[in-house]
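Source file: data08.pdb. Holds: PDB, C-alpha atoms.
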ATOM      1  CA  MET A  25     -11.467  25.940 -13.415
ATOM      2  CA  THR A  26     -11.300  22.542 -15.094
ATOM      3  CA  THR A  27     -11.456  19.033 -13.690
ATOM      4  CA  THR A  28      -9.947  15.854 -14.994
ATOM      5  CA  ALA A  29     -11.829  12.588 -14.729
ATOM      6  CA  VAL A  30      -9.991   9.915 -12.814
ATOM      7  CA  ARG A  31      -9.698   6.722 -14.792
ATOM      8  CA  PRO A  32      -8.279   3.353 -13.896
ATOM      9  CA  SER A  33      -4.513   3.260 -14.131
ATOM     10  CA  SER A  34      -3.127   2.357 -17.522
ATOM     11  CA  THR A  35       0.027   0.971 -15.908
ATOM     12  CA  GLY A  36      -1.610  -2.272 -14.826
ATOM     13  CA  ARG A  37      -4.807  -4.265 -14.758
ATOM     14  CA  ASP A  38      -7.710  -3.051 -12.632
ATOM     15  CA  ALA A  39      -7.680  -5.209  -9.494
ATOM     16  CA  ARG A  40     -11.007  -4.080  -8.048
ATOM     17  CA  THR A  41     -13.088  -6.941  -9.412
ATOM     18  CA  ALA A  42     -10.593  -9.474  -8.085
ATOM     19  CA  SER A  43     -10.524  -7.755  -4.700
ATOM     20  CA  ARG A  44     -14.341  -7.876  -4.481
ATOM     21  CA  TRP A  45     -14.369 -11.585  -5.216
ATOM     22  CA  LEU A  46     -11.558 -12.215  -2.744
ATOM     23  CA  ALA A  47     -13.387 -10.286  -0.011
ATOM     24  CA  ALA A  48     -16.630 -12.145  -0.711
ATOM     25  CA  ILE A  49     -14.882 -15.517  -0.527
ATOM     26  CA  VAL A  50     -12.922 -14.722   2.638
ATOM     27  CA  LEU A  51     -15.827 -13.215   4.588
ATOM     28  CA  PRO A  52     -17.556 -16.387   5.871
ATOM     29  CA  VAL A  53     -14.412 -18.536   6.120
ATOM     30  CA  GLY A  54     -13.166 -17.359   9.522
ATOM     31  CA  PRO A  55     -16.482 -17.599  11.409
ATOM     32  CA  ALA A  56     -17.201 -20.950   9.738
ATOM     33  CA  ALA A  57     -13.779 -22.250  10.805
ATOM     34  CA  ILE A  58     -14.390 -21.208  14.411
ATOM     35  CA  ALA A  59     -17.882 -22.736  14.289
ATOM     36  CA  LEU A  60     -16.352 -26.089  13.359
ATOM     37  CA  LEU A  61     -13.529 -25.603  15.862
ATOM     38  CA  ARG A  62     -15.979 -25.053  18.712
ATOM     39  CA  TYR A  63     -18.000 -28.090  17.621
ATOM     40  CA  PHE A  64     -15.022 -30.464  17.404
ATOM     41  CA  LEU A  65     -13.170 -29.068  20.443
ATOM     42  CA  PRO A  66     -12.442 -32.160  22.561
ATOM     43  CA  TYR A  67     -13.069 -30.351  25.853
ATOM     44  CA  ASP A  68     -15.385 -27.720  27.335
ATOM     45  CA  THR A  69     -14.099 -24.208  27.912
ATOM     46  CA  ILE A  70     -14.978 -24.339  31.613
ATOM     47  CA  ASP A  71     -13.194 -27.673  32.257
ATOM     48  CA  ASP A  72     -10.271 -27.649  34.686
ATOM     49  CA  SER A  73      -6.758 -28.200  33.349
ATOM     50  CA  SER A  74      -6.478 -31.896  34.186
ATOM     51  CA  THR A  75      -9.827 -32.624  32.519
ATOM     52  CA  ILE A  76      -8.861 -30.632  29.445
ATOM     53  CA  VAL A  77      -5.600 -32.564  29.165
ATOM     54  CA  SER A  78      -7.218 -35.969  29.649
ATOM     55  CA  LYS A  79      -9.950 -35.262  27.089
ATOM     56  CA  THR A  80      -7.453 -33.930  24.555
ATOM     57  CA  MET A  81      -5.029 -36.830  24.994
ATOM     58  CA  ALA A  82      -7.911 -39.210  24.366
ATOM     59  CA  ASP A  83      -8.542 -37.646  20.933
ATOM     60  CA  GLN A  84      -5.374 -36.201  19.411
ATOM     61  CA  ASP A  85      -6.917 -36.173  15.940
ATOM     62  CA  ARG A  86      -9.510 -33.663  17.111
ATOM     63  CA  ALA A  87      -6.773 -31.642  18.807
ATOM     64  CA  SER A  88      -4.928 -31.454  15.493
ATOM     65  CA  LEU A  89      -8.104 -30.478  13.621
ATOM     66  CA  VAL A  90      -8.704 -27.683  16.124
ATOM     67  CA  LEU A  91      -5.260 -26.274  15.377
ATOM     68  CA  TRP A  92      -5.826 -26.348  11.609
ATOM     69  CA  LEU A  93      -9.192 -24.620  11.970
ATOM     70  CA  GLY A  94      -7.702 -22.036  14.308
ATOM     71  CA  PHE A  95      -4.930 -21.335  11.810
ATOM     72  CA  ILE A  96      -7.490 -20.740   9.048
ATOM     73  CA  ALA A  97      -9.508 -18.434  11.309
ATOM     74  CA  ILE A  98      -6.469 -16.374  12.317
ATOM     75  CA  LEU A  99      -5.672 -15.706   8.654
ATOM     76  CA  THR A 100      -9.210 -14.696   7.652
ATOM     77  CA  LEU A 101     -11.089 -13.093  10.558
ATOM     78  CA  VAL A 102      -9.366  -9.691  10.464
ATOM     79  CA  PRO A 103      -9.688  -9.236   6.664
ATOM     80  CA  ALA A 104     -13.354 -10.225   6.973
ATOM     81  CA  ALA A 105     -13.983  -7.620   9.677
ATOM     82  CA  PHE A 106     -12.386  -4.915   7.530
ATOM     83  CA  ALA A 107     -14.455  -5.993   4.521
ATOM     84  CA  VAL A 108     -17.690  -5.600   6.497
ATOM     85  CA  GLY A 109     -16.487  -2.309   7.909
ATOM     86  CA  ARG A 110     -15.709  -1.053   4.435
ATOM     87  CA  LEU A 111     -19.426  -1.174   3.645
ATOM     88  CA  THR A 112     -20.924  -0.134   6.981
ATOM     89  CA  ARG A 113     -18.656   2.861   7.616
ATOM     90  CA  ARG A 114     -20.388   4.899   4.914
ATOM     91  CA  ARG A 115     -23.626   5.155   6.881
ATOM     92  CA  ALA A 116     -22.464   4.148  10.372
ATOM     93  CA  PRO A 117     -18.914   5.525  10.648
ATOM     94  CA  TRP A 118     -18.587   5.807  14.421
ATOM     95  CA  LEU A 119     -20.268   2.509  15.163
ATOM     96  CA  THR A 120     -18.036   0.797  12.620
ATOM     97  CA  ALA A 121     -14.912   2.431  14.030
ATOM     98  CA  VAL A 122     -15.673   1.282  17.580
ATOM     99  CA  ALA A 123     -16.585  -2.206  16.377
ATOM    100  CA  LEU A 124     -13.295  -2.601  14.509
ATOM    101  CA  PHE A 125     -11.371  -1.079  17.427
ATOM    102  CA  LEU A 126     -12.665  -3.980  19.530
ATOM    103  CA  LEU A 127     -12.705  -6.725  16.899
ATOM    104  CA  VAL A 128      -9.251  -6.423  15.374
ATOM    105  CA  PRO A 129      -7.257  -6.735  18.640
ATOM    106  CA  GLY A 130      -9.664  -9.449  19.738
ATOM    107  CA  TYR A 131      -9.168 -11.504  16.594
ATOM    108  CA  LEU A 132      -5.403 -10.963  16.623
ATOM    109  CA  SER A 133      -5.283 -12.222  20.219
ATOM    110  CA  LEU A 134      -6.652 -15.542  19.032
ATOM    111  CA  GLY A 135      -3.233 -16.346  17.623
ATOM    112  CA  TRP A 136      -1.750 -16.014  21.099
ATOM    113  CA  LEU A 137      -4.421 -18.192  22.674
ATOM    114  CA  THR A 138      -3.729 -21.104  20.353
ATOM    115  CA  GLY A 139      -0.470 -21.589  22.232
ATOM    116  CA  GLY A 140      -2.389 -23.518  24.871
ATOM    117  CA  ASP A 141      -3.932 -25.857  22.311
ATOM    118  CA  ILE A 142      -0.554 -26.324  20.643
ATOM    119  CA  SER A 143       0.866 -27.514  23.962
ATOM    120  CA  LEU A 144      -2.081 -29.898  24.388
ATOM    121  CA  TRP A 145      -1.232 -31.514  21.056
ATOM    122  CA  ALA A 146       2.565 -31.270  21.136
ATOM    123  CA  GLY A 147       2.978 -32.582  24.700
ATOM    124  CA  PRO A 148       1.519 -36.048  24.102
ATOM    125  CA  GLU A 149       3.093 -36.203  20.641
ATOM    126  CA  SER A 150       6.515 -35.677  22.215
ATOM    127  CA  GLY A 151       5.916 -38.441  24.750
ATOM    128  CA  LEU A 152       4.982 -36.397  27.832
ATOM    129  CA  ASP A 153       2.564 -37.957  30.303
ATOM    130  CA  ALA A 154      -0.689 -36.336  31.444
ATOM    131  CA  GLY A 155       0.879 -34.787  34.534
ATOM    132  CA  ALA A 156       3.654 -33.124  32.549
ATOM    133  CA  VAL A 157       1.237 -31.859  29.888
ATOM    134  CA  THR A 158      -1.011 -30.425  32.598
ATOM    135  CA  ARG A 159       1.905 -28.574  34.181
ATOM    136  CA  LEU A 160       2.924 -27.271  30.770
ATOM    137  CA  TYR A 161      -0.643 -26.162  30.015
ATOM    138  CA  ASP A 162      -0.876 -24.364  33.361
ATOM    139  CA  THR A 163       2.488 -22.647  32.905
ATOM    140  CA  MET A 164       1.530 -19.985  30.417
ATOM    141  CA  HIS A 165       2.984 -16.490  30.190
ATOM    142  CA  PRO A 166       0.800 -13.746  31.782
ATOM    143  CA  THR A 167       0.220 -12.281  28.332
ATOM    144  CA  THR A 168      -1.965 -15.306  27.621
ATOM    145  CA  ASP A 169      -4.475 -14.160  30.243
ATOM    146  CA  LEU A 170      -4.394 -10.658  28.782
ATOM    147  CA  ALA A 171      -4.949 -12.058  25.297
ATOM    148  CA  GLY A 172      -7.943 -13.971  26.660
ATOM    149  CA  VAL A 173      -9.517 -10.743  27.918
ATOM    150  CA  PHE A 174      -8.860  -8.989  24.609
ATOM    151  CA  PHE A 175     -10.372 -11.883  22.674
ATOM    152  CA  VAL A 176     -13.495 -12.352  24.775
ATOM    153  CA  VAL A 177     -14.361  -8.668  25.151
ATOM    154  CA  GLY A 178     -13.236  -7.742  21.652
ATOM    155  CA  HIS A 179     -14.973 -10.402  19.620
ATOM    156  CA  VAL A 180     -18.217 -10.503  21.624
ATOM    157  CA  LEU A 181     -18.868  -6.759  21.935
ATOM    158  CA  GLY A 182     -17.218  -5.959  18.614
ATOM    159  CA  THR A 183     -19.378  -8.418  16.692
ATOM    160  CA  ILE A 184     -22.563  -7.100  18.313
ATOM    161  CA  LEU A 185     -21.636  -3.534  17.356
ATOM    162  CA  LEU A 186     -20.662  -4.558  13.826
ATOM    163  CA  GLY A 187     -24.019  -6.302  13.450
ATOM    164  CA  ILE A 188     -25.796  -3.149  14.598
ATOM    165  CA  ALA A 189     -23.750  -1.179  12.062
ATOM    166  CA  MET A 190     -24.900  -3.647   9.370
ATOM    167  CA  TRP A 191     -28.501  -3.067  10.467
ATOM    168  CA  ARG A 192     -28.237   0.728  10.465
ATOM    169  CA  SER A 193     -26.297   0.988   7.216
ATOM    170  CA  ARG A 194     -28.715  -1.362   5.421
ATOM    171  CA  VAL A 195     -25.922  -3.018   3.447
ATOM    172  CA  VAL A 196     -27.628  -6.412   3.852
ATOM    173  CA  ALA A 197     -31.056  -7.764   4.714
ATOM    174  CA  LYS A 198     -32.088  -7.338   8.332
ATOM    175  CA  TRP A 199     -31.974 -11.098   8.960
ATOM    176  CA  ALA A 200     -28.237 -11.099   8.177
ATOM    177  CA  ALA A 201     -27.539  -8.187  10.516
ATOM    178  CA  LEU A 202     -29.618  -9.826  13.242
ATOM    179  CA  ALA A 203     -27.761 -13.110  12.759
ATOM    180  CA  VAL A 204     -24.462 -11.335  13.398
ATOM    181  CA  ILE A 205     -25.839  -9.433  16.406
ATOM    182  CA  VAL A 206     -27.035 -12.559  18.222
ATOM    183  CA  SER A 207     -24.211 -14.881  17.135
ATOM    184  CA  GLN A 208     -21.684 -14.087  19.848
ATOM    185  CA  PRO A 209     -24.129 -13.889  22.778
ATOM    186  CA  ILE A 210     -25.213 -17.392  21.738
ATOM    187  CA  HIS A 211     -21.582 -18.476  21.577
ATOM    188  CA  PHE A 212     -20.845 -16.991  25.007
ATOM    189  CA  VAL A 213     -23.744 -18.851  26.594
ATOM    190  CA  ALA A 214     -22.779 -22.121  24.897
ATOM    191  CA  ALA A 215     -19.089 -21.773  25.776
ATOM    192  CA  VAL A 216     -19.150 -20.392  29.307
ATOM    193  CA  ILE A 217     -22.587 -20.629  30.928
ATOM    194  CA  VAL A 218     -24.172 -23.847  29.625
ATOM    195  CA  PRO A 219     -21.504 -25.711  27.610
ATOM    196  CA  ASN A 220     -23.003 -27.092  24.420
ATOM    197  CA  HIS A 221     -20.879 -27.594  21.321
ATOM    198  CA  THR A 222     -23.850 -27.863  18.977
ATOM    199  CA  VAL A 223     -25.298 -24.532  20.132
ATOM    200  CA  ASP A 224     -21.814 -23.034  19.844
ATOM    201  CA  LEU A 225     -21.689 -24.263  16.244
ATOM    202  CA  ILE A 226     -25.008 -22.524  15.615
ATOM    203  CA  GLY A 227     -23.792 -19.269  17.180
ATOM    204  CA  TRP A 228     -20.656 -18.949  15.073
ATOM    205  CA  GLY A 229     -22.578 -20.353  12.101
ATOM    206  CA  LEU A 230     -24.969 -17.419  12.309
ATOM    207  CA  GLN A 231     -22.043 -15.019  12.058
ATOM    208  CA  ALA A 232     -20.732 -16.949   9.053
ATOM    209  CA  ALA A 233     -24.171 -16.687   7.413
ATOM    210  CA  GLY A 234     -24.365 -12.960   8.092
ATOM    211  CA  PHE A 235     -20.873 -12.397   6.722
ATOM    212  CA  ALA A 236     -21.718 -14.502   3.659
ATOM    213  CA  ALA A 237     -24.646 -12.133   3.043
ATOM    214  CA  VAL A 238     -22.219  -9.223   3.120
ATOM    215  CA  GLY A 239     -20.052 -11.090   0.633
ATOM    216  CA  TRP A 240     -23.046 -11.485  -1.688
ATOM    217  CA  ALA A 241     -23.749  -7.755  -1.376
ATOM    218  CA  ILE A 242     -20.128  -7.031  -2.323
ATOM    219  CA  LEU A 243     -20.380  -9.252  -5.406
ATOM    220  CA  ARG A 244     -23.463  -7.336  -6.535
ATOM    221  CA  MET A 245     -21.689  -3.977  -6.239
ATOM    222  CA  ARG A 246     -20.059  -2.179  -9.137
ATOM    223  CA  ASP A 247     -16.308  -1.712  -8.928
ATOM    224  CA  ASN A 248     -16.694   2.049  -8.432
ATOM    225  CA  GLU A 249     -19.003   1.433  -5.469
ATOM    226  CA  TRP A 250     -16.522  -0.942  -3.903
ATOM    227  CA  ASP A 251     -13.359   1.079  -4.457
ATOM    228  CA  PRO A 252     -12.393   4.269  -6.315
ATOM    229  CA  PRO A 253     -10.331   3.627  -9.428
ATOM    230  CA  ALA A 254      -6.558   3.796  -9.258
ATOM    231  CA  VAL A 255      -4.966   7.176 -10.024
ATOM    232  CA  PRO A 256      -2.885   7.022 -13.221
TER     233      PRO A 256
END

Structure translated into structure tokens:
Amino acid sequence: MTTTAVRPSSTGRDARTASRWLAAIVLPVGPAAIALLRYFLPYDTIDDSSTIVSKTMADQDRASLVLWLGFIAILTLVPAAFAVGRLTRRRAPWLTAVALFLLVPGYLSLGWLTGGDISLWAGPESGLDAGAVTRLYDTMHPTTDLAGVFFVVGHVLGTILLGIAMWRSRVVAKWAALAVIVSQPIHFVAAVIVPNHTVDLIGWGLQAAGFAAVGWAILRMRDNEWDPPAVP
């Protein structure tokens, strides 16, 4: 019986180095974007609708910035989660699978939730008064509430589990895994229990730092460690 060594495809350039760099660059972007979003958010999460509308109408520039940051996060959070999972699944397969099962739907639900913030910006821009914007903000499809549950449960529990998978798989230093583990509990406290935008920035910032550490680990890997070569 003979075996044939698998070599990179001769039909095109090897893309593994580029994919490692892309993953490393993307990894901290989403959490960092949400960290800034939570810091610049013109209202508190627990505010009632009329307060949210009045605070947002008083600072439409911040409302616009929130939408840009949310857009960046939506594009980068899911690829970042898969990049971390790609490393942790080798030594923590089940933990990684459960973490991604929670995280991916949670992150995807964020796109649905931005509909409320879009209405907060678009209403005043179109000339609606505070009362009309409040009614518009309160009149959301029931799927918005469901998306909120998916996002909260998915990204809080999923991030904790992914951080534990980072710890167990030893793909990064323990400080980075611990930063990811504690990041979303800190965010939850700062967003829901004791509103504090600076602490919220720190919470999501810790996840960005932990993900950046994973990105550095990916850059230090050889191409064959990151991804098997293409089959010719």

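For the pair CA of Ala146 in chain A and CA of Asp85 in chain A, the separation is 11.9 Å.
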
- Item | Expansion of the PyMOL selection byres ((chain A and resi 159) around 12) into residues, as a list in words | Ser73, Ser74, Ile76, Val77, Gly140, Ser143, Leu144, Gly147, Leu152, Asp153, Ala154, Gly155, Ala156, Val157, Thr158, Leu160, Tyr161, Asp162, Thr163 and Met164 of chain A

- Note on the structure: The distance between CA of Arg244 in chain A and CA of Ile205 in chain A is 23.2 Å

- Query: Where does the PyMOL selection byres ((chain A and resi 95) around 10) land in this file, that is, which residues does it pick, as a PyMOL selection string?
  - Reply: chain A and resi 54+57-58+89-94+96-100+134-135+138

- Task: State, in Å with one decimal place, the distance from CA of Val53 in chain A to CA of Trp240 in chain A.
- Result: 13.6 Å

Give me, as a tab-separated table, the closest atom pair and its distance (Å, one decimal) for every residue of range 202-252 of chain A within a cut-off of 8 Å of range 59-68 of chain A, counting all atoms listed in the file, rows sorted by chain and rising number.
residue	atom	partner	partner_atom	distance
A:Ala215	CA	A:Asp68	CA	7.2
A:Pro219	CA	A:Asp68	CA	6.4
A:His221	CA	A:Tyr63	CA	4.7
A:Thr222	CA	A:Tyr63	CA	6.0
A:Asp224	CA	A:Arg62	CA	6.3
A:Leu225	CA	A:Ala59	CA	4.5
A:Ile226	CA	A:Ala59	CA	7.3
A:Gly227	CA	A:Ala59	CA	7.4
A:Trp228	CA	A:Ala59	CA	4.8
A:Gly229	CA	A:Ala59	CA	5.7

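Matched in the shown structure by the PyMOL selection byres ((chain A and resi 110-123) around 7): Phe106, Ala107, Val108, Gly109, Leu124, Phe125, Leu126, Leu127, Gly182, Thr183, Leu185, Leu186, Ala189, Met190, Arg192, Ser193 and Val195 of chain A.
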
Using C-alpha atoms, can you write the selected residues to a file as a CSV table (one decimal), in the coordinates of the input?
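File written: part38.csv
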chain,number,residue,atom,x,y,z
A,106,PHE,CA,-12.4,-4.9,7.5
A,107,ALA,CA,-14.5,-6.0,4.5
A,108,VAL,CA,-17.7,-5.6,6.5
A,109,GLY,CA,-16.5,-2.3,7.9
A,124,LEU,CA,-13.3,-2.6,14.5
A,125,PHE,CA,-11.4,-1.1,17.4
A,126,LEU,CA,-12.7,-4.0,19.5
A,127,LEU,CA,-12.7,-6.7,16.9
A,182,GLY,CA,-17.2,-6.0,18.6
A,183,THR,CA,-19.4,-8.4,16.7
A,185,LEU,CA,-21.6,-3.5,17.4
A,186,LEU,CA,-20.7,-4.6,13.8
A,189,ALA,CA,-23.8,-1.2,12.1
A,190,MET,CA,-24.9,-3.6,9.4
A,192,ARG,CA,-28.2,0.7,10.5
A,193,SER,CA,-26.3,1.0,7.2
A,195,VAL,CA,-25.9,-3.0,3.4

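Nearest to Pro52 in chain A of all the residues A:Arg86, A:Met81, A:Val218, A:Gly239 is A:Gly239, based on all atoms listed in the file.
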
Could you model N, CA, C and O atoms for range 126-139 of chain A and present them as an mmCIF file, in the frame of the given file?
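Output saved as result24.cif:
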data_model
loop_
_atom_site.group_PDB
_atom_site.id
_atom_site.type_symbol
_atom_site.label_atom_id
_atom_site.label_comp_id
_atom_site.auth_asym_id
_atom_site.auth_seq_id
_atom_site.Cartn_x
_atom_site.Cartn_y
_atom_site.Cartn_z
ATOM 1 N N LEU A 126 -12.550 -2.833 18.629
ATOM 2 C CA LEU A 126 -12.665 -3.980 19.530
ATOM 3 C C LEU A 126 -12.335 -5.299 18.821
ATOM 4 O O LEU A 126 -11.641 -6.160 19.375
ATOM 5 N N LEU A 127 -12.823 -5.450 17.594
ATOM 6 C CA LEU A 127 -12.705 -6.725 16.899
ATOM 7 C C LEU A 127 -11.286 -7.061 16.491
ATOM 8 O O LEU A 127 -10.838 -8.205 16.662
ATOM 9 N N VAL A 128 -10.575 -6.109 15.925
ATOM 10 C CA VAL A 128 -9.251 -6.423 15.374
ATOM 11 C C VAL A 128 -8.283 -6.899 16.451
ATOM 12 O O VAL A 128 -7.663 -7.966 16.300
ATOM 13 N N PRO A 129 -8.119 -6.181 17.587
ATOM 14 C CA PRO A 129 -7.257 -6.735 18.640
ATOM 15 C C PRO A 129 -7.774 -8.060 19.186
ATOM 16 O O PRO A 129 -6.991 -8.941 19.537
ATOM 17 N N GLY A 130 -9.098 -8.196 19.255
ATOM 18 C CA GLY A 130 -9.664 -9.449 19.738
ATOM 19 C C GLY A 130 -9.312 -10.615 18.845
ATOM 20 O O GLY A 130 -8.871 -11.672 19.312
ATOM 21 N N TYR A 131 -9.496 -10.430 17.531
ATOM 22 C CA TYR A 131 -9.168 -11.504 16.594
ATOM 23 C C TYR A 131 -7.672 -11.795 16.566
ATOM 24 O O TYR A 131 -7.264 -12.959 16.466
ATOM 25 N N LEU A 132 -6.846 -10.748 16.637
ATOM 26 C CA LEU A 132 -5.403 -10.963 16.623
ATOM 27 C C LEU A 132 -4.948 -11.722 17.868
ATOM 28 O O LEU A 132 -3.972 -12.482 17.814
ATOM 29 N N SER A 133 -5.639 -11.527 18.977
ATOM 30 C CA SER A 133 -5.283 -12.222 20.219
ATOM 31 C C SER A 133 -5.521 -13.716 20.126
ATOM 32 O O SER A 133 -4.935 -14.490 20.886
ATOM 33 N N LEU A 134 -6.370 -14.117 19.202
ATOM 34 C CA LEU A 134 -6.652 -15.542 19.032
ATOM 35 C C LEU A 134 -5.382 -16.316 18.706
ATOM 36 O O LEU A 134 -5.203 -17.456 19.146
ATOM 37 N N GLY A 135 -4.492 -15.692 17.945
ATOM 38 C CA GLY A 135 -3.233 -16.346 17.623
ATOM 39 C C GLY A 135 -2.403 -16.656 18.847
ATOM 40 O O GLY A 135 -1.696 -17.683 18.901
ATOM 41 N N TRP A 136 -2.483 -15.790 19.855
ATOM 42 C CA TRP A 136 -1.750 -16.014 21.099
ATOM 43 C C TRP A 136 -2.385 -17.143 21.900
ATOM 44 O O TRP A 136 -1.697 -17.948 22.519
ATOM 45 N N LEU A 137 -3.708 -17.195 21.872
ATOM 46 C CA LEU A 137 -4.421 -18.192 22.674
ATOM 47 C C LEU A 137 -4.232 -19.609 22.160
ATOM 48 O O LEU A 137 -4.385 -20.570 22.919
ATOM 49 N N THR A 138 -3.925 -19.756 20.880
ATOM 50 C CA THR A 138 -3.729 -21.104 20.353
ATOM 51 C C THR A 138 -2.490 -21.769 20.926
ATOM 52 O O THR A 138 -2.324 -22.986 20.773
ATOM 53 N N GLY A 139 -1.647 -20.992 21.598
ATOM 54 C CA GLY A 139 -0.470 -21.589 22.232
ATOM 55 C C GLY A 139 -0.845 -22.694 23.211
ATOM 56 O O GLY A 139 -0.139 -23.709 23.317
#
